[in-house]
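Following: one structure in structure tokens, then a few remarks.
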Amino acid sequence: MPDALDATPYDALLLLSFGGPEGPDDVVPFLENVTRGRGIPKERLKEVGQHYFLFGGVSPINDQNRALLQALREDFAAHGLDLPVYWGNRNWAPYLTDTLREMAADGRRRVLVLATSAYASYSGCRQYRENLADALATLQAEGVDVPAVDKLRHYFNHPGFVEPMTDGVLRALADLPEDVRAGAHIAFTTHSIPTAAADTSGPVESHGDGGAYVAQHLDVARLIADAVRERTGVDHPWQLVYQSRSGAPHIPWLEPDICDHLEERHAAGVPAVVMAPIGFVSDHMEVLYDLDTEATAKAGELGLPVRRSATVGADPRFAAAVRELIVERAAVERGREVTPCALGALGPSHDVCPVGCCPARTPRPAAAGADSPYA
């Protein structure tokens, strides 16, 4: 095998995702998993789950992960990368612990993890690492010889992530009526998180107003806006906005909300808006409901033409990016010098999350970082 396609010392890739219900009977148990430890009554969870019931109780995320798995396996096979790919979820089947147990039984000893979250934050990185630590602890308690686990770096600014989103924005703009297209505003959307979590996202040196979470999203938004201008000759105004807030009203979260933003842009005379969900890897429920349903309904009330651009999903360029990230990280682990691939002003992210990166309110063990108990 050519060195460029050598995954050594890794012997498996784990696709780690959030998970989602696949039928009406799954919705409340799934939400109980997501909110475990918060003491939320079942009746309240049924209310929260209404947007799932609108779609038959099925989240698209698991099918989208199946499509990504297939894309990864096809890309690896086509390029001679001999690396088996497994899939585990944090909150629904296939559960992470079960998948790691299967990997251990298959003799996997050094595992790379691809999380379906591209940016630095507690909920988008460290919480995944905490779940990995929980699963490894469970298996150790069972007497399982657990594999060593590393996590691929944040890929928000990898060309294979940015370029498919750029194409999605261009298609959305082209789908707008011609008389409003040139004046269209681009609303780059991502998941709102508590401002305290945003301010402490990323390594300690990145902490501050918005932290790495906001800085990384702004960098991607600029990359896409610049590429759209270069390819169309039109300099579309844009803003980073937020969606899917789920916290208590008294806790400050990142704003503005997408629906409020649509109202404000309409009042300012903007003729149309493209909603570009750059914070999400695939068209899962928060995109399907919060943008395609709720925000689109708000735009309809306003008489504001809107289009929603596609997420990356199982785009072959993203699958190729994952392959490149694996080969890059494997070379680093073998002591080779590599030039990490990254666009924008921020450069490539760290391979290993340092101590103090995206801290939890209550400290818990987290795998695949400098503070991992499983190093």
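Each chain in the structure tokens gets a letter, A, B and so on, in the order shown; residues start at 1 in every chain, and ligands are counted from 1 in the order they appear.
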
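Contact shell of Glu286 of chain A at 12 Å (only C-alpha atoms; same-chain neighbours under 6 positions omitted): A:Phe18, A:Gly20, A:Gly49, A:His51, A:Tyr52, A:Ser59, A:Pro60, A:Ile61, A:Thr189, A:Thr190, A:His191, A:Ser192, A:Tyr242, A:Gln243, A:Ser244, A:Arg245, A:Ser246, A:Pro277, A:Gly279, A:Phe280, A:Asp292, A:Thr293, A:Glu294, A:Ala295, A:Thr311.
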
Under the rule of at most 10 Å, produce a per-residue listing of segment 277-340 of chain A near segment 92-116 of chain A: chain, number, name, the closest pair of atoms, and the distance in Å, as a Markdown table, using only C-alpha atoms.
| residue | atom | partner | partner_atom | distance |
| --- | --- | --- | --- | --- |
| A:Phe280 | CA | A:Thr116 | CA | 8.2 |
| A:Val281 | CA | A:Thr116 | CA | 6.3 |
| A:Ser282 | CA | A:Thr116 | CA | 8.5 |
| A:Gly313 | CA | A:Thr116 | CA | 9.8 |
| A:Val322 | CA | A:Leu114 | CA | 8.0 |
| A:Leu325 | CA | A:Leu114 | CA | 9.6 |
| A:Ile326 | CA | A:Leu112 | CA | 7.7 |
| A:Arg329 | CA | A:Leu112 | CA | 9.0 |
| A:Ala330 | CA | A:Leu112 | CA | 9.2 |

Store the residues picked out above, limited to C-alpha atoms, as a PDB file, in the first residue's frame.
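Output (out_9.pdb):
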ATOM      1  CA  PHE A 280     -24.893  20.988  10.575  1.00  0.00           C
ATOM      2  CA  VAL A 281     -23.359  18.044   8.758  1.00  0.00           C
ATOM      3  CA  SER A 282     -26.661  16.660   7.452  1.00  0.00           C
ATOM      4  CA  GLY A 313     -24.471  15.000   4.001  1.00  0.00           C
ATOM      5  CA  VAL A 322     -12.536  12.182   5.855  1.00  0.00           C
ATOM      6  CA  LEU A 325      -8.015  13.517   7.544  1.00  0.00           C
ATOM      7  CA  ILE A 326      -7.425   9.878   8.461  1.00  0.00           C
ATOM      8  CA  ARG A 329      -3.570  11.934  11.384  1.00  0.00           C
ATOM      9  CA  ALA A 330      -2.085   8.481  10.860  1.00  0.00           C
TER      10      ALA A 330
END

Near Leu262 of chain A, within 12 Å and counting only C-alpha atoms, which residues show up once chain neighbours fewer than 5 positions away are dropped, as an mmCIF file with N, CA and C atoms, in the first residue's frame?
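Wrote it out as selection-v5.cif, contents follow:
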data_model
loop_
_atom_site.group_PDB
_atom_site.id
_atom_site.type_symbol
_atom_site.label_atom_id
_atom_site.label_comp_id
_atom_site.auth_asym_id
_atom_site.auth_seq_id
_atom_site.Cartn_x
_atom_site.Cartn_y
_atom_site.Cartn_z
ATOM 1 N N ALA A 184 -30.497 39.226 -2.644
ATOM 2 C CA ALA A 184 -30.740 38.249 -1.576
ATOM 3 C C ALA A 184 -29.692 38.343 -0.473
ATOM 4 N N HIS A 185 -30.151 38.185 0.734
ATOM 5 C CA HIS A 185 -29.303 38.134 1.926
ATOM 6 C C HIS A 185 -29.043 36.677 2.259
ATOM 7 N N ILE A 186 -27.850 36.358 2.745
ATOM 8 C CA ILE A 186 -27.530 34.988 3.164
ATOM 9 C C ILE A 186 -27.487 34.939 4.686
ATOM 10 N N ALA A 187 -28.347 34.102 5.262
ATOM 11 C CA ALA A 187 -28.359 33.883 6.709
ATOM 12 C C ALA A 187 -27.667 32.549 6.978
ATOM 13 N N PHE A 188 -26.430 32.605 7.423
ATOM 14 C CA PHE A 188 -25.699 31.396 7.786
ATOM 15 C C PHE A 188 -26.157 30.971 9.178
ATOM 16 N N THR A 189 -26.694 29.762 9.289
ATOM 17 C CA THR A 189 -27.280 29.338 10.554
ATOM 18 C C THR A 189 -26.479 28.218 11.203
ATOM 19 N N GLN A 239 -25.054 37.298 7.375
ATOM 20 C CA GLN A 239 -24.911 37.356 8.828
ATOM 21 C C GLN A 239 -24.976 35.945 9.399
ATOM 22 N N VAL A 241 -26.429 33.622 12.126
ATOM 23 C CA VAL A 241 -27.585 33.618 13.020
ATOM 24 C C VAL A 241 -27.737 32.216 13.614
ATOM 25 N N TYR A 242 -28.717 32.076 14.500
ATOM 26 C CA TYR A 242 -28.793 30.853 15.298
ATOM 27 C C TYR A 242 -30.189 30.255 15.271
ATOM 28 N N GLN A 243 -30.261 28.987 15.624
ATOM 29 C CA GLN A 243 -31.524 28.257 15.608
ATOM 30 C C GLN A 243 -31.499 27.184 16.691
ATOM 31 N N PRO A 256 -28.821 36.466 16.937
ATOM 32 C CA PRO A 256 -30.273 36.395 16.856
ATOM 33 C C PRO A 256 -30.786 35.038 16.377
ATOM 34 N N ASP A 257 -32.003 34.731 16.750
ATOM 35 C CA ASP A 257 -32.689 33.544 16.251
ATOM 36 C C ASP A 257 -33.070 33.760 14.788
ATOM 37 N N ALA A 267 -38.138 43.721 7.478
ATOM 38 C CA ALA A 267 -38.425 45.114 7.839
ATOM 39 C C ALA A 267 -37.410 46.068 7.221
ATOM 40 N N ALA A 268 -36.190 45.578 7.002
ATOM 41 C CA ALA A 268 -35.137 46.412 6.411
ATOM 42 C C ALA A 268 -35.230 46.478 4.891
ATOM 43 N N GLY A 269 -36.185 45.743 4.327
ATOM 44 C CA GLY A 269 -36.396 45.802 2.891
ATOM 45 C C GLY A 269 -35.634 44.795 2.067
ATOM 46 N N VAL A 270 -35.054 43.799 2.709
ATOM 47 C CA VAL A 270 -34.349 42.747 1.964
ATOM 48 C C VAL A 270 -35.370 41.978 1.113
ATOM 49 N N PRO A 271 -35.094 41.740 -0.171
ATOM 50 C CA PRO A 271 -36.095 41.105 -1.031
ATOM 51 C C PRO A 271 -36.175 39.590 -0.928
ATOM 52 N N ALA A 272 -35.140 38.939 -0.389
ATOM 53 C CA ALA A 272 -35.128 37.477 -0.302
ATOM 54 C C ALA A 272 -33.993 37.049 0.622
ATOM 55 N N VAL A 273 -34.092 35.820 1.142
ATOM 56 C CA VAL A 273 -33.069 35.294 2.047
ATOM 57 C C VAL A 273 -32.770 33.839 1.678
ATOM 58 N N VAL A 274 -31.498 33.501 1.666
ATOM 59 C CA VAL A 274 -31.057 32.111 1.601
ATOM 60 C C VAL A 274 -30.606 31.701 2.997
ATOM 61 N N MET A 275 -31.206 30.651 3.532
ATOM 62 C CA MET A 275 -30.813 30.106 4.832
ATOM 63 C C MET A 275 -29.797 28.993 4.585
ATOM 64 N N LEU A 291 -35.785 24.964 10.216
ATOM 65 C CA LEU A 291 -35.627 25.782 9.020
ATOM 66 C C LEU A 291 -36.727 25.509 7.989
ATOM 67 N N GLU A 294 -40.478 25.660 10.490
ATOM 68 C CA GLU A 294 -40.777 26.833 11.308
ATOM 69 C C GLU A 294 -40.317 28.136 10.648
ATOM 70 N N ALA A 295 -39.055 28.210 10.249
ATOM 71 C CA ALA A 295 -38.545 29.447 9.653
ATOM 72 C C ALA A 295 -39.187 29.713 8.298
ATOM 73 N N THR A 296 -39.424 28.658 7.534
ATOM 74 C CA THR A 296 -40.069 28.842 6.233
ATOM 75 C C THR A 296 -41.499 29.341 6.406
ATOM 76 N N ALA A 297 -42.189 28.855 7.439
ATOM 77 C CA ALA A 297 -43.543 29.346 7.726
ATOM 78 C C ALA A 297 -43.502 30.821 8.120
ATOM 79 N N LYS A 298 -42.519 31.210 8.917
ATOM 80 C CA LYS A 298 -42.376 32.616 9.293
ATOM 81 C C LYS A 298 -42.145 33.483 8.051
ATOM 82 N N ALA A 299 -41.293 33.025 7.145
ATOM 83 C CA ALA A 299 -41.052 33.776 5.917
ATOM 84 C C ALA A 299 -42.325 33.895 5.093
ATOM 85 N N GLY A 300 -43.133 32.821 5.085
ATOM 86 C CA GLY A 300 -44.392 32.867 4.361
ATOM 87 C C GLY A 300 -45.339 33.909 4.925
ATOM 88 N N GLU A 301 -45.376 34.007 6.256
ATOM 89 C CA GLU A 301 -46.213 35.028 6.896
ATOM 90 C C GLU A 301 -45.766 36.431 6.490
ATOM 91 N N LEU A 302 -44.465 36.596 6.338
ATOM 92 C CA LEU A 302 -43.909 37.910 5.995
ATOM 93 C C LEU A 302 -44.004 38.221 4.507
ATOM 94 N N GLY A 303 -44.260 37.191 3.699
ATOM 95 C CA GLY A 303 -44.202 37.379 2.261
ATOM 96 C C GLY A 303 -42.781 37.535 1.759
ATOM 97 N N LEU A 304 -41.846 36.900 2.455
ATOM 98 C CA LEU A 304 -40.424 37.005 2.133
ATOM 99 C C LEU A 304 -39.967 35.736 1.415
ATOM 100 N N PRO A 305 -39.531 35.823 0.176
ATOM 101 C CA PRO A 305 -39.015 34.626 -0.503
ATOM 102 C C PRO A 305 -37.779 34.083 0.204
ATOM 103 N N VAL A 306 -37.772 32.792 0.501
ATOM 104 C CA VAL A 306 -36.613 32.157 1.128
ATOM 105 C C VAL A 306 -36.303 30.849 0.416
#

Item to complete: DSSP on the backbone, then: every residue of segment 201-319 of chain A marked helix (DSSP H, G or I), written as JSON, numbers by chain.
Response: {"A": [204, 205, 206, 211, 212, 213, 214, 215, 216, 217, 218, 219, 220, 221, 222, 223, 224, 225, 226, 227, 228, 229, 230, 231, 232, 258, 259, 260, 261, 262, 263, 264, 265, 266, 267, 285, 286, 287, 288, 289, 290, 291, 292, 293, 294, 295, 296, 297, 298, 299, 300, 301, 302, 316, 317, 318, 319]}

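The shortest atom-to-atom distance to Gly57 of chain A, with only C-alpha atoms taken into account, belongs to A:Gly23 out of A:Gly23, A:Glu328, A:Glu205, A:Asp283.
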
Practice prompt. Go through A:Gly202, A:Pro340, A:Gly183, A:Pro359 and flag the residue nearest Asp235 of chain A, using only C-alpha atoms for the distances.
Written response: A:Gly183

Fill in: strand (DSSP E) residues, from DSSP on the backbone, in segment 43-110 of chain A, as a PyMOL selection string
chain A and resi 85-89+110

Would you export the selected residues with all heavy atoms as an mmCIF file, in the first residue's frame, please?
data_model
loop_
_atom_site.group_PDB
_atom_site.id
_atom_site.type_symbol
_atom_site.label_atom_id
_atom_site.label_comp_id
_atom_site.auth_asym_id
_atom_site.auth_seq_id
_atom_site.Cartn_x
_atom_site.Cartn_y
_atom_site.Cartn_z
ATOM 1 N N VAL A 85 -15.134 0.531 8.777
ATOM 2 C CA VAL A 85 -15.882 1.652 9.329
ATOM 3 C C VAL A 85 -17.049 1.123 10.155
ATOM 4 O O VAL A 85 -17.855 0.320 9.666
ATOM 5 C CB VAL A 85 -16.408 2.587 8.225
ATOM 6 C CG1 VAL A 85 -17.047 3.826 8.844
ATOM 7 C CG2 VAL A 85 -15.294 2.984 7.275
ATOM 8 N N TYR A 86 -17.134 1.578 11.394
ATOM 9 C CA TYR A 86 -18.221 1.216 12.305
ATOM 10 C C TYR A 86 -19.050 2.473 12.601
ATOM 11 O O TYR A 86 -18.616 3.589 12.338
ATOM 12 C CB TYR A 86 -17.675 0.664 13.619
ATOM 13 C CG TYR A 86 -16.915 -0.638 13.505
ATOM 14 C CD1 TYR A 86 -15.624 -0.685 12.972
ATOM 15 C CD2 TYR A 86 -17.465 -1.827 13.967
ATOM 16 C CE1 TYR A 86 -14.918 -1.875 12.891
ATOM 17 C CE2 TYR A 86 -16.770 -3.031 13.903
ATOM 18 C CZ TYR A 86 -15.498 -3.041 13.360
ATOM 19 O OH TYR A 86 -14.795 -4.218 13.293
ATOM 20 N N TRP A 87 -20.220 2.248 13.194
ATOM 21 C CA TRP A 87 -21.128 3.366 13.490
ATOM 22 C C TRP A 87 -21.752 3.176 14.873
ATOM 23 O O TRP A 87 -22.285 2.115 15.179
ATOM 24 C CB TRP A 87 -22.205 3.441 12.411
ATOM 25 C CG TRP A 87 -23.363 4.362 12.699
ATOM 26 C CD1 TRP A 87 -23.339 5.560 13.332
ATOM 27 C CD2 TRP A 87 -24.726 4.135 12.327
ATOM 28 N NE1 TRP A 87 -24.603 6.114 13.390
ATOM 29 C CE2 TRP A 87 -25.463 5.250 12.774
ATOM 30 C CE3 TRP A 87 -25.386 3.108 11.661
ATOM 31 C CZ2 TRP A 87 -26.849 5.364 12.573
ATOM 32 C CZ3 TRP A 87 -26.756 3.222 11.455
ATOM 33 C CH2 TRP A 87 -27.470 4.333 11.909
ATOM 34 N N GLY A 88 -21.665 4.221 15.689
ATOM 35 C CA GLY A 88 -22.309 4.212 17.004
ATOM 36 C C GLY A 88 -22.915 5.568 17.312
ATOM 37 O O GLY A 88 -22.388 6.601 16.880
ATOM 38 N N ASN A 89 -24.025 5.592 18.043
ATOM 39 C CA ASN A 89 -24.717 6.821 18.422
ATOM 40 C C ASN A 89 -24.637 7.068 19.917
ATOM 41 O O ASN A 89 -24.532 6.134 20.718
ATOM 42 C CB ASN A 89 -26.205 6.743 18.048
ATOM 43 C CG ASN A 89 -26.451 6.844 16.565
ATOM 44 O OD1 ASN A 89 -25.735 7.539 15.864
ATOM 45 N ND2 ASN A 89 -27.476 6.144 16.085
ATOM 46 N N ARG A 110 -6.768 0.173 17.880
ATOM 47 C CA ARG A 110 -6.482 1.616 17.781
ATOM 48 C C ARG A 110 -7.530 2.217 16.851
ATOM 49 O O ARG A 110 -7.536 1.947 15.645
ATOM 50 C CB ARG A 110 -5.067 1.838 17.255
ATOM 51 C CG ARG A 110 -4.596 3.294 17.307
ATOM 52 C CD ARG A 110 -4.028 3.650 18.664
ATOM 53 N NE ARG A 110 -3.694 5.078 18.746
ATOM 54 C CZ ARG A 110 -2.480 5.582 18.447
ATOM 55 N NH1 ARG A 110 -1.504 4.777 18.058
ATOM 56 N NH2 ARG A 110 -2.259 6.883 18.566
#

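Here atom CA of Asp315 of chain A stands at a distance of 12.8 Å from atom CA of Arg66 of chain A.
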
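With only C-alpha atoms as the atoms that count, the residue of A:Lys151, A:Arg73, A:Arg126, A:His207 with the shortest distance to Tyr10 of chain A is A:Lys151.
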
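Within 12 Å of Glu130 of chain A, once only C-alpha atoms are used and residues closer than 6 positions along the same chain are dropped, the contacting residues are A:Arg90, A:Leu96, A:Tyr122, A:Ser123, A:Gly124, A:Leu136, A:Ala137, A:Cys358, A:Pro359, A:Ala360, A:Thr362, A:Pro363, A:Arg364, A:Pro365, A:Ala366, A:Ala367, A:Ala368, A:Gly369, A:Asp371, A:Ser372, A:Pro373, A:Tyr374.
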
I need the residues from that last selection saved to file as an mmCIF file, in the first residue's frame (with C-alpha atoms), if you can.
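In the end it all went to result35.cif:
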data_model
loop_
_atom_site.group_PDB
_atom_site.id
_atom_site.type_symbol
_atom_site.label_atom_id
_atom_site.label_comp_id
_atom_site.auth_asym_id
_atom_site.auth_seq_id
_atom_site.Cartn_x
_atom_site.Cartn_y
_atom_site.Cartn_z
ATOM 1 C CA ARG A 90 -24.785 8.710 21.682
ATOM 2 C CA LEU A 96 -21.871 3.760 21.179
ATOM 3 C CA TYR A 122 -18.906 21.494 24.728
ATOM 4 C CA SER A 123 -21.954 19.926 23.062
ATOM 5 C CA GLY A 124 -20.179 19.506 19.728
ATOM 6 C CA LEU A 136 -14.983 2.733 27.665
ATOM 7 C CA ALA A 137 -15.494 2.702 31.448
ATOM 8 C CA CYS A 358 -14.579 23.355 25.896
ATOM 9 C CA PRO A 359 -14.905 22.670 29.651
ATOM 10 C CA ALA A 360 -18.013 21.142 31.191
ATOM 11 C CA THR A 362 -19.355 19.782 36.075
ATOM 12 C CA PRO A 363 -16.027 18.113 35.264
ATOM 13 C CA ARG A 364 -16.311 14.580 33.889
ATOM 14 C CA PRO A 365 -13.755 12.229 32.327
ATOM 15 C CA ALA A 366 -13.388 12.657 28.568
ATOM 16 C CA ALA A 367 -11.582 10.325 26.182
ATOM 17 C CA ALA A 368 -9.443 11.253 23.156
ATOM 18 C CA GLY A 369 -7.912 14.380 24.675
ATOM 19 C CA ASP A 371 -6.797 14.904 29.851
ATOM 20 C CA SER A 372 -8.070 11.463 28.837
ATOM 21 C CA PRO A 373 -7.873 8.682 31.447
ATOM 22 C CA TYR A 374 -7.493 6.262 28.523
#

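Compared by their closest atoms to Ile193 of chain A, and using only C-alpha atoms, the residues A:Leu139, A:Arg323, A:Ala120, A:Glu230 rank with A:Ala120 nearest.
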
Worksheet item: atom CA of His284 of chain A to atom CA of Leu13 of chain A: how many Å, to one decimal?
Response: 22.1 Å

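Of the residues listed (A:Glu178, A:Glu22, A:Glu163, A:Asp290), A:Glu22 shows the shortest atom-to-atom separation from Asn62 of chain A; distances use only C-alpha atoms.
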
Contacts of segment 146-168 of chain A with segment 342-345 of chain A up to 9 Å, shortest pair per row, only C-alpha atoms, as a Markdown table:
| residue | atom | partner | partner_atom | distance |
| --- | --- | --- | --- | --- |
| A:Tyr155 | CA | A:Ala342 | CA | 8.1 |
| A:Phe156 | CA | A:Ala342 | CA | 8.6 |
| A:Asn157 | CA | A:Leu343 | CA | 5.3 |
| A:His158 | CA | A:Ala342 | CA | 4.8 |
| A:Pro159 | CA | A:Leu343 | CA | 6.5 |
| A:Val162 | CA | A:Leu343 | CA | 8.4 |

Keeping only N, CA, C and O atoms, write the selected residues as a PDB file, in the first residue's frame.
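Written out: result-v7.pdb:
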ATOM      1  N   TYR A 155     -13.176  19.677  11.366  1.00  0.00           N
ATOM      2  CA  TYR A 155     -13.027  19.758   9.911  1.00  0.00           C
ATOM      3  C   TYR A 155     -13.855  20.880   9.292  1.00  0.00           C
ATOM      4  O   TYR A 155     -14.100  20.897   8.079  1.00  0.00           O
ATOM      5  N   PHE A 156     -14.273  21.854  10.100  1.00  0.00           N
ATOM      6  CA  PHE A 156     -15.135  22.930   9.620  1.00  0.00           C
ATOM      7  C   PHE A 156     -14.550  23.687   8.435  1.00  0.00           C
ATOM      8  O   PHE A 156     -15.287  24.179   7.574  1.00  0.00           O
ATOM      9  N   ASN A 157     -13.223  23.797   8.365  1.00  0.00           N
ATOM     10  CA  ASN A 157     -12.601  24.576   7.293  1.00  0.00           C
ATOM     11  C   ASN A 157     -11.851  23.710   6.286  1.00  0.00           C
ATOM     12  O   ASN A 157     -11.012  24.204   5.531  1.00  0.00           O
ATOM     13  N   HIS A 158     -12.159  22.416   6.254  1.00  0.00           N
ATOM     14  CA  HIS A 158     -11.569  21.552   5.227  1.00  0.00           C
ATOM     15  C   HIS A 158     -12.314  21.797   3.911  1.00  0.00           C
ATOM     16  O   HIS A 158     -13.533  21.935   3.904  1.00  0.00           O
ATOM     17  N   PRO A 159     -11.602  21.859   2.787  1.00  0.00           N
ATOM     18  CA  PRO A 159     -12.284  22.102   1.506  1.00  0.00           C
ATOM     19  C   PRO A 159     -13.429  21.126   1.227  1.00  0.00           C
ATOM     20  O   PRO A 159     -14.444  21.508   0.640  1.00  0.00           O
ATOM     21  N   VAL A 162     -16.349  22.645   3.131  1.00  0.00           N
ATOM     22  CA  VAL A 162     -16.758  23.993   2.721  1.00  0.00           C
ATOM     23  C   VAL A 162     -17.311  24.016   1.300  1.00  0.00           C
ATOM     24  O   VAL A 162     -18.336  24.667   1.024  1.00  0.00           O
TER      25      VAL A 162
END

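Straight-line separation from atom CA of Phe76 of chain A to atom CA of Asp351 of chain A: 21.5 Å.
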
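Counting only C-alpha atoms, the residue from A:Ala135, A:Ala319, A:Leu170, A:Ala148 that sits nearest to Ala67 of chain A is A:Ala319.
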